[in-house]
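Colleague: Just so it is clear, I am handing over work04.tsv, which has TSV, C-alpha atoms and all ligand atoms.
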```tsv
chain	number	residue	atom	x	y	z
A	134	MET	CA	-40.79	-83.37	11.46
A	135	LEU	CA	-40.07	-80.89	14.24
A	136	GLY	CA	-37.58	-83.33	15.68
A	137	GLY	CA	-35.62	-83.17	12.45
A	138	ALA	CA	-35.55	-79.39	12.41
A	139	VAL	CA	-34.41	-79.25	16.02
A	140	GLU	CA	-31.71	-81.82	15.32
A	141	PHE	CA	-30.50	-79.79	12.33
A	142	VAL	CA	-30.30	-76.57	14.37
A	143	VAL	CA	-28.60	-78.24	17.33
A	144	ALA	CA	-26.00	-79.80	15.02
A	145	ALA	CA	-25.41	-76.44	13.29
A	146	VAL	CA	-24.94	-74.62	16.61
A	147	CYS	CA	-22.56	-77.34	17.80
A	148	ALA	CA	-20.50	-76.91	14.61
A	149	LEU	CA	-20.39	-73.14	15.13
A	150	VAL	CA	-19.14	-73.51	18.69
A	151	PHE	CA	-16.70	-76.20	17.64
A	152	GLY	CA	-15.46	-73.88	14.85
A	153	THR	CA	-14.62	-71.15	17.36
A	154	PHE	CA	-12.71	-73.70	19.43
A	155	ALA	CA	-10.78	-74.95	16.38
A	156	GLU	CA	-9.97	-71.33	15.47
A	157	TYR	CA	-8.52	-70.69	18.92
A	158	PHE	CA	-6.53	-73.89	18.93
A	159	ILE	CA	-5.22	-73.55	15.36
A	160	HIS	CA	-4.20	-69.92	15.84
A	161	ARG	CA	-2.48	-70.82	19.08
A	162	SER	CA	-0.63	-73.71	17.44
A	163	MET	CA	0.62	-71.28	14.78
A	164	HIS	CA	2.35	-69.39	17.57
A	165	TRP	CA	3.73	-72.65	18.96
A	166	GLY	CA	5.34	-73.10	15.54
A	167	ILE	CA	3.25	-76.14	14.62
A	168	LEU	CA	0.86	-74.99	11.89
A	169	HIS	CA	1.96	-72.52	9.17
A	170	PRO	CA	4.36	-70.65	11.47
A	171	GLU	CA	6.05	-68.87	8.54
A	172	GLY	CA	2.85	-67.71	6.91
A	173	HIS	CA	1.50	-66.53	10.22
A	174	ARG	CA	4.68	-64.66	11.08
A	175	HIS	CA	4.32	-62.89	7.78
A	176	HIS	CA	0.70	-62.04	8.62
A	177	HIS	CA	1.94	-60.43	11.83
A	178	GLU	CA	4.83	-58.55	10.24
A	179	ALA	CA	2.79	-57.25	7.33
A	180	ASN	CA	-0.26	-56.65	9.56
A	181	GLU	CA	-2.32	-57.06	6.44
A	182	ALA	CA	-5.26	-59.42	6.07
A	183	ARG	CA	-5.49	-60.17	2.31
A	184	ASN	CA	-9.24	-60.35	1.65
A	185	TYR	CA	-12.52	-61.97	2.63
A	186	LEU	CA	-12.53	-64.55	-0.13
A	187	ARG	CA	-9.07	-65.87	0.72
A	188	ASP	CA	-9.97	-66.05	4.40
A	189	PHE	CA	-13.17	-67.88	3.52
A	190	VAL	CA	-11.20	-70.42	1.49
A	191	ASP	CA	-8.89	-70.96	4.48
A	192	TYR	CA	-11.63	-71.27	7.09
A	193	GLY	CA	-13.83	-73.14	4.63
A	194	THR	CA	-11.09	-75.73	4.09
A	195	GLY	CA	-11.22	-76.46	7.80
A	196	ALA	CA	-15.00	-76.64	7.63
A	197	VAL	CA	-14.82	-79.15	4.78
A	198	VAL	CA	-12.15	-81.28	6.48
A	199	LEU	CA	-14.25	-81.49	9.67
A	200	GLY	CA	-17.62	-81.02	8.01
A	201	TRP	CA	-18.60	-84.68	7.65
A	202	PHE	CA	-18.53	-85.44	11.39
A	203	GLY	CA	-22.27	-85.06	11.78
A	204	PHE	CA	-22.96	-87.87	9.31
A	205	LEU	CA	-21.51	-90.29	11.84
A	206	TYR	CA	-24.64	-89.55	13.87
A	207	SER	CA	-27.36	-89.15	11.23
A	208	ILE	CA	-28.11	-87.63	7.85
A	209	THR	CA	-29.95	-84.68	9.44
A	210	SER	CA	-27.12	-83.98	11.87
A	211	GLY	CA	-24.68	-84.34	8.99
A	212	PHE	CA	-26.30	-81.56	6.99
A	213	GLY	CA	-26.82	-79.41	10.10
A	214	TRP	CA	-23.19	-79.73	11.15
A	215	ALA	CA	-21.91	-79.03	7.61
A	216	PHE	CA	-24.19	-75.99	7.36
A	217	GLY	CA	-23.00	-74.70	10.76
A	218	GLY	CA	-19.40	-75.15	9.62
A	219	LEU	CA	-19.98	-72.99	6.56
A	220	VAL	CA	-21.79	-70.31	8.57
A	221	TYR	CA	-18.85	-70.35	10.97
A	222	ALA	CA	-16.35	-69.93	8.10
A	223	ALA	CA	-18.36	-66.98	6.71
A	224	LEU	CA	-18.60	-65.23	10.11
A	225	ALA	CA	-14.99	-65.86	11.13
A	226	SER	CA	-13.71	-64.52	7.80
A	227	TYR	CA	-15.79	-61.40	8.29
A	228	SER	CA	-14.63	-60.99	11.87
A	229	HIS	CA	-11.01	-61.27	10.78
A	230	GLN	CA	-11.40	-58.74	7.98
A	231	ILE	CA	-13.36	-56.16	9.97
A	232	GLN	CA	-10.87	-56.27	12.86
A	233	HIS	CA	-8.12	-55.39	10.41
A	234	ALA	CA	-10.22	-52.82	8.52
A	235	ASN	CA	-12.09	-51.10	11.36
A	236	ALA	CA	-12.04	-52.81	14.74
A	237	ASP	CA	-14.43	-50.22	16.22
A	238	LEU	CA	-17.23	-52.12	14.48
A	239	VAL	CA	-16.68	-55.33	16.42
A	240	PHE	CA	-19.76	-54.78	18.59
A	241	TRP	CA	-20.18	-58.45	19.60
A	242	MET	CA	-17.09	-58.47	21.80
A	243	LYS	CA	-16.12	-56.17	24.63
A	244	ARG	CA	-12.75	-55.71	22.92
A	245	PRO	CA	-11.70	-56.62	19.39
A	246	VAL	CA	-9.23	-59.24	20.59
A	247	HIS	CA	-7.73	-59.93	17.19
A	248	ARG	CA	-7.00	-56.23	16.64
A	249	LEU	CA	-5.22	-56.11	20.02
A	250	HIS	CA	-3.38	-59.35	19.20
A	251	HIS	CA	-1.93	-57.56	16.16
A	252	ASN	CA	-1.47	-54.04	17.52
A	253	LEU	CA	0.61	-55.21	20.44
A	254	ASP	CA	2.19	-58.09	18.51
A	255	MET	CA	0.97	-60.57	21.10
A	256	ARG	CA	2.44	-64.07	20.90
A	257	GLU	CA	0.70	-65.60	23.88
A	258	HIS	CA	-2.61	-63.79	24.23
A	259	ASN	CA	-5.89	-63.06	22.49
A	260	PHE	CA	-5.98	-65.87	19.95
A	261	GLY	CA	-9.72	-65.59	19.35
A	262	ILE	CA	-11.00	-64.16	16.07
A	263	LEU	CA	-14.77	-64.55	16.02
A	264	VAL	CA	-15.22	-64.79	19.80
A	265	ASP	CA	-13.14	-64.30	22.95
A	266	TRP	CA	-14.66	-67.19	24.97
A	267	TRP	CA	-11.76	-69.59	24.68
A	268	ASP	CA	-9.18	-66.97	25.62
A	269	ARG	CA	-11.18	-66.27	28.74
A	270	LEU	CA	-11.59	-69.97	29.49
A	271	PHE	CA	-7.94	-70.92	28.94
A	272	GLY	CA	-6.45	-67.84	30.60
A	273	THR	CA	-4.96	-66.19	27.51
A	274	TYR	CA	-7.36	-63.24	27.53
A	275	ARG	CA	-5.52	-59.95	27.89
A	276	PRO	CA	-7.93	-57.07	28.48
A	277	VAL	CA	-5.94	-54.17	27.06
A	278	GLU	CA	-7.77	-50.85	27.07
A	279	TYR	CA	-9.47	-50.25	23.75
A	280	LEU	CA	-11.38	-47.04	23.09
A	281	ARG	CA	-13.93	-46.97	20.34
A	282	GLU	CA	-14.53	-43.78	18.45
A	283	ALA	CA	-17.88	-42.34	19.51
A	284	ARG	CA	-19.60	-41.97	16.18
A	285	ARG	CA	-22.51	-43.46	14.34
A	286	TYR	CA	-21.71	-46.15	11.83
A	287	THR	CA	-23.72	-47.05	8.78
A	288	VAL	CA	-24.22	-50.33	6.95
A	289	ARG	CA	-21.74	-49.03	4.41
A	290	ASP	CA	-19.02	-48.94	7.11
A	291	PHE	CA	-19.76	-52.55	8.00
A	292	LEU	CA	-19.38	-53.55	4.36
A	293	ALA	CA	-16.10	-51.67	3.88
A	294	ILE	CA	-13.72	-54.61	3.86
A	295	PRO	CA	-11.69	-56.00	0.96
A	296	TRP	CA	-14.10	-58.69	-0.28
A	297	ARG	CA	-11.87	-60.22	-2.99
B	301	ZN	ZN	-1.31	-64.50	15.60
B	302	ZN	ZN	-5.10	-61.03	11.47
```
Would you encode the structure as structure tokens?
Ligand SMILES: [Zn+2]
Ligand SMILES: [Zn+2]

Modeller:
Amino acid sequence: MLGGAVEFVVAAVCALVFGTFAEYFIHRSMHWGILHPEGHRHHHEANEARNYLRDFVDYGTGAVVLGWFGFLYSITSGFGWAFGGLVYAALASYSHQIQHANADLVFWMKRPVHRLHHNLDMREHNFGILVDWWDRLFGTYRPVEYLREARRYTVRDFLAIPWR
């Protein structure tokens, strides 16, 4: 029984990590002009992030397209991987929204790379949205100074994004 639970968790974590890699690669290919270049240019020009639900549909579509991979291995891995993909889509959508709404709240990264990507209209740096790992690994990380406001935030601040 424990074996099954461990397998589920491992598959879910793998999907999460894979999701962050896909996010990096897909965002980068938008700047290469391969995937949705027009829509993404508009996102940069408008500097506006629509809402959580629409992001979740976008990220979730990716999760559904790639979400069956785990079943090639086993039923347990299949459900674990699919679950991890959905968790990834939920977290990435939140990370995207909060970096547009109030990047000071992005406590899980040294710098809110997506905010910097937009502020400085970067075309070749800081493609990460949920994490900055892949930028660091592939040499596209640009550590621009980012000062957070020194104040206390409440749960309400963290929830202040356009949900739908
Ligand atoms: Zn971009
Ligand atoms: Zn954005």

Colleague: I need the residue nearest Phe189 (chain A) from this list: A:Ser226, A:Ser162, A:Thr287, A:Thr153. Use only C-alpha atoms for the distance.

Modeller: A:Ser226

Colleague: Work out how far apart CA of Ala223 (chain A) and CA of Met163 (chain A) are and give it in Å to one decimal.

Modeller: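 A separation of 21.1 Å between them.
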
Colleague: Using all atoms listed in the file, which protein or nucleic acid residues are at most 12 Å from ligand ZN 301 (chain B), as a ChimeraX atom specification?

Modeller: /A:156-166,168-182,229,246-262

Colleague: Pull C-alpha atoms from the residues just selected and write them as a PDB file, keeping the file's coordinate frame.

Modeller:
```
ATOM      1  CA  GLU A 156      -9.970 -71.330  15.470  1.00  0.00           C
ATOM      2  CA  TYR A 157      -8.520 -70.690  18.920  1.00  0.00           C
ATOM      3  CA  PHE A 158      -6.530 -73.890  18.930  1.00  0.00           C
ATOM      4  CA  ILE A 159      -5.220 -73.550  15.360  1.00  0.00           C
ATOM      5  CA  HIS A 160      -4.200 -69.920  15.840  1.00  0.00           C
ATOM      6  CA  ARG A 161      -2.480 -70.820  19.080  1.00  0.00           C
ATOM      7  CA  SER A 162      -0.630 -73.710  17.440  1.00  0.00           C
ATOM      8  CA  MET A 163       0.620 -71.280  14.780  1.00  0.00           C
ATOM      9  CA  HIS A 164       2.350 -69.390  17.570  1.00  0.00           C
ATOM     10  CA  TRP A 165       3.730 -72.650  18.960  1.00  0.00           C
ATOM     11  CA  GLY A 166       5.340 -73.100  15.540  1.00  0.00           C
ATOM     12  CA  LEU A 168       0.860 -74.990  11.890  1.00  0.00           C
ATOM     13  CA  HIS A 169       1.960 -72.520   9.170  1.00  0.00           C
ATOM     14  CA  PRO A 170       4.360 -70.650  11.470  1.00  0.00           C
ATOM     15  CA  GLU A 171       6.050 -68.870   8.540  1.00  0.00           C
ATOM     16  CA  GLY A 172       2.850 -67.710   6.910  1.00  0.00           C
ATOM     17  CA  HIS A 173       1.500 -66.530  10.220  1.00  0.00           C
ATOM     18  CA  ARG A 174       4.680 -64.660  11.080  1.00  0.00           C
ATOM     19  CA  HIS A 175       4.320 -62.890   7.780  1.00  0.00           C
ATOM     20  CA  HIS A 176       0.700 -62.040   8.620  1.00  0.00           C
ATOM     21  CA  HIS A 177       1.940 -60.430  11.830  1.00  0.00           C
ATOM     22  CA  GLU A 178       4.830 -58.550  10.240  1.00  0.00           C
ATOM     23  CA  ALA A 179       2.790 -57.250   7.330  1.00  0.00           C
ATOM     24  CA  ASN A 180      -0.260 -56.650   9.560  1.00  0.00           C
ATOM     25  CA  GLU A 181      -2.320 -57.060   6.440  1.00  0.00           C
ATOM     26  CA  ALA A 182      -5.260 -59.420   6.070  1.00  0.00           C
ATOM     27  CA  HIS A 229     -11.010 -61.270  10.780  1.00  0.00           C
ATOM     28  CA  VAL A 246      -9.230 -59.240  20.590  1.00  0.00           C
ATOM     29  CA  HIS A 247      -7.730 -59.930  17.190  1.00  0.00           C
ATOM     30  CA  ARG A 248      -7.000 -56.230  16.640  1.00  0.00           C
ATOM     31  CA  LEU A 249      -5.220 -56.110  20.020  1.00  0.00           C
ATOM     32  CA  HIS A 250      -3.380 -59.350  19.200  1.00  0.00           C
ATOM     33  CA  HIS A 251      -1.930 -57.560  16.160  1.00  0.00           C
ATOM     34  CA  ASN A 252      -1.470 -54.040  17.520  1.00  0.00           C
ATOM     35  CA  LEU A 253       0.610 -55.210  20.440  1.00  0.00           C
ATOM     36  CA  ASP A 254       2.190 -58.090  18.510  1.00  0.00           C
ATOM     37  CA  MET A 255       0.970 -60.570  21.100  1.00  0.00           C
ATOM     38  CA  ARG A 256       2.440 -64.070  20.900  1.00  0.00           C
ATOM     39  CA  GLU A 257       0.700 -65.600  23.880  1.00  0.00           C
ATOM     40  CA  HIS A 258      -2.610 -63.790  24.230  1.00  0.00           C
ATOM     41  CA  ASN A 259      -5.890 -63.060  22.490  1.00  0.00           C
ATOM     42  CA  PHE A 260      -5.980 -65.870  19.950  1.00  0.00           C
ATOM     43  CA  GLY A 261      -9.720 -65.590  19.350  1.00  0.00           C
ATOM     44  CA  ILE A 262     -11.000 -64.160  16.070  1.00  0.00           C
TER      45      ILE A 262
END
```

Colleague: Rank A:Asp237, A:Asp290, A:Glu140, A:Asp188 by their smallest atom-to-atom distance to ligand ZN 302 (chain B), using only C-alpha atoms and all ligand atoms, and report the top residue only.

Modeller: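 Comparing A:Asp237, A:Asp290, A:Glu140, A:Asp188 against ligand ZN 302 (chain B), the winner is A:Asp188.
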
Colleague: So which one's closest to Gly195 (chain A), A:Ser207, A:Gly136, A:Ala225, A:Arg183? Using all atoms listed in the file, please.

Modeller: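 Comparing A:Ser207, A:Gly136, A:Ala225, A:Arg183 against Gly195 (chain A), the winner is A:Ala225.
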
Colleague: Rounded to one decimal place, report the CA of Leu199 (chain A)-CA of Phe212 (chain A) distance in Å.

Modeller: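 Taking CA of Leu199 (chain A) as the start and CA of Phe212 (chain A) as the end point, the length is 12.3 Å.
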
Colleague: Can you measure CA of Gly193 (chain A) to CA of Ala222 (chain A) for me? One decimal in Å is fine.

Modeller: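 So the answer is 5.4 Å.
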
Colleague: Which residue, A:Ala283, A:Val197, A:Val239, A:Ala234, has the smallest gap to ligand ZN 302 (chain B) when you use all atoms listed in the file?

Modeller: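 Nearest to ligand ZN 302 (chain B): A:Ala234.
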
Colleague: Measuring between only C-alpha atoms and all ligand atoms, which one of A:Thr194, A:Asn184, A:Ser210, A:Thr273 shows the shortest distance to ligand ZN 302 (chain B)?

Modeller: A:Asn184

Colleague: Name all residues at most 9 Å from Gly217 (chain A) (count only C-alpha atoms; drop same-chain ones fewer than 2 positions away) and give them as a count of residues only.

Modeller: 19

Colleague: Between A:Leu186, A:Leu238, A:Phe141, A:Gly211, single out the one closest to Arg284 (chain A), counting only C-alpha atoms.

Modeller: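 Among the listed residues, the smallest separation from Arg284 (chain A) belongs to A:Leu238.
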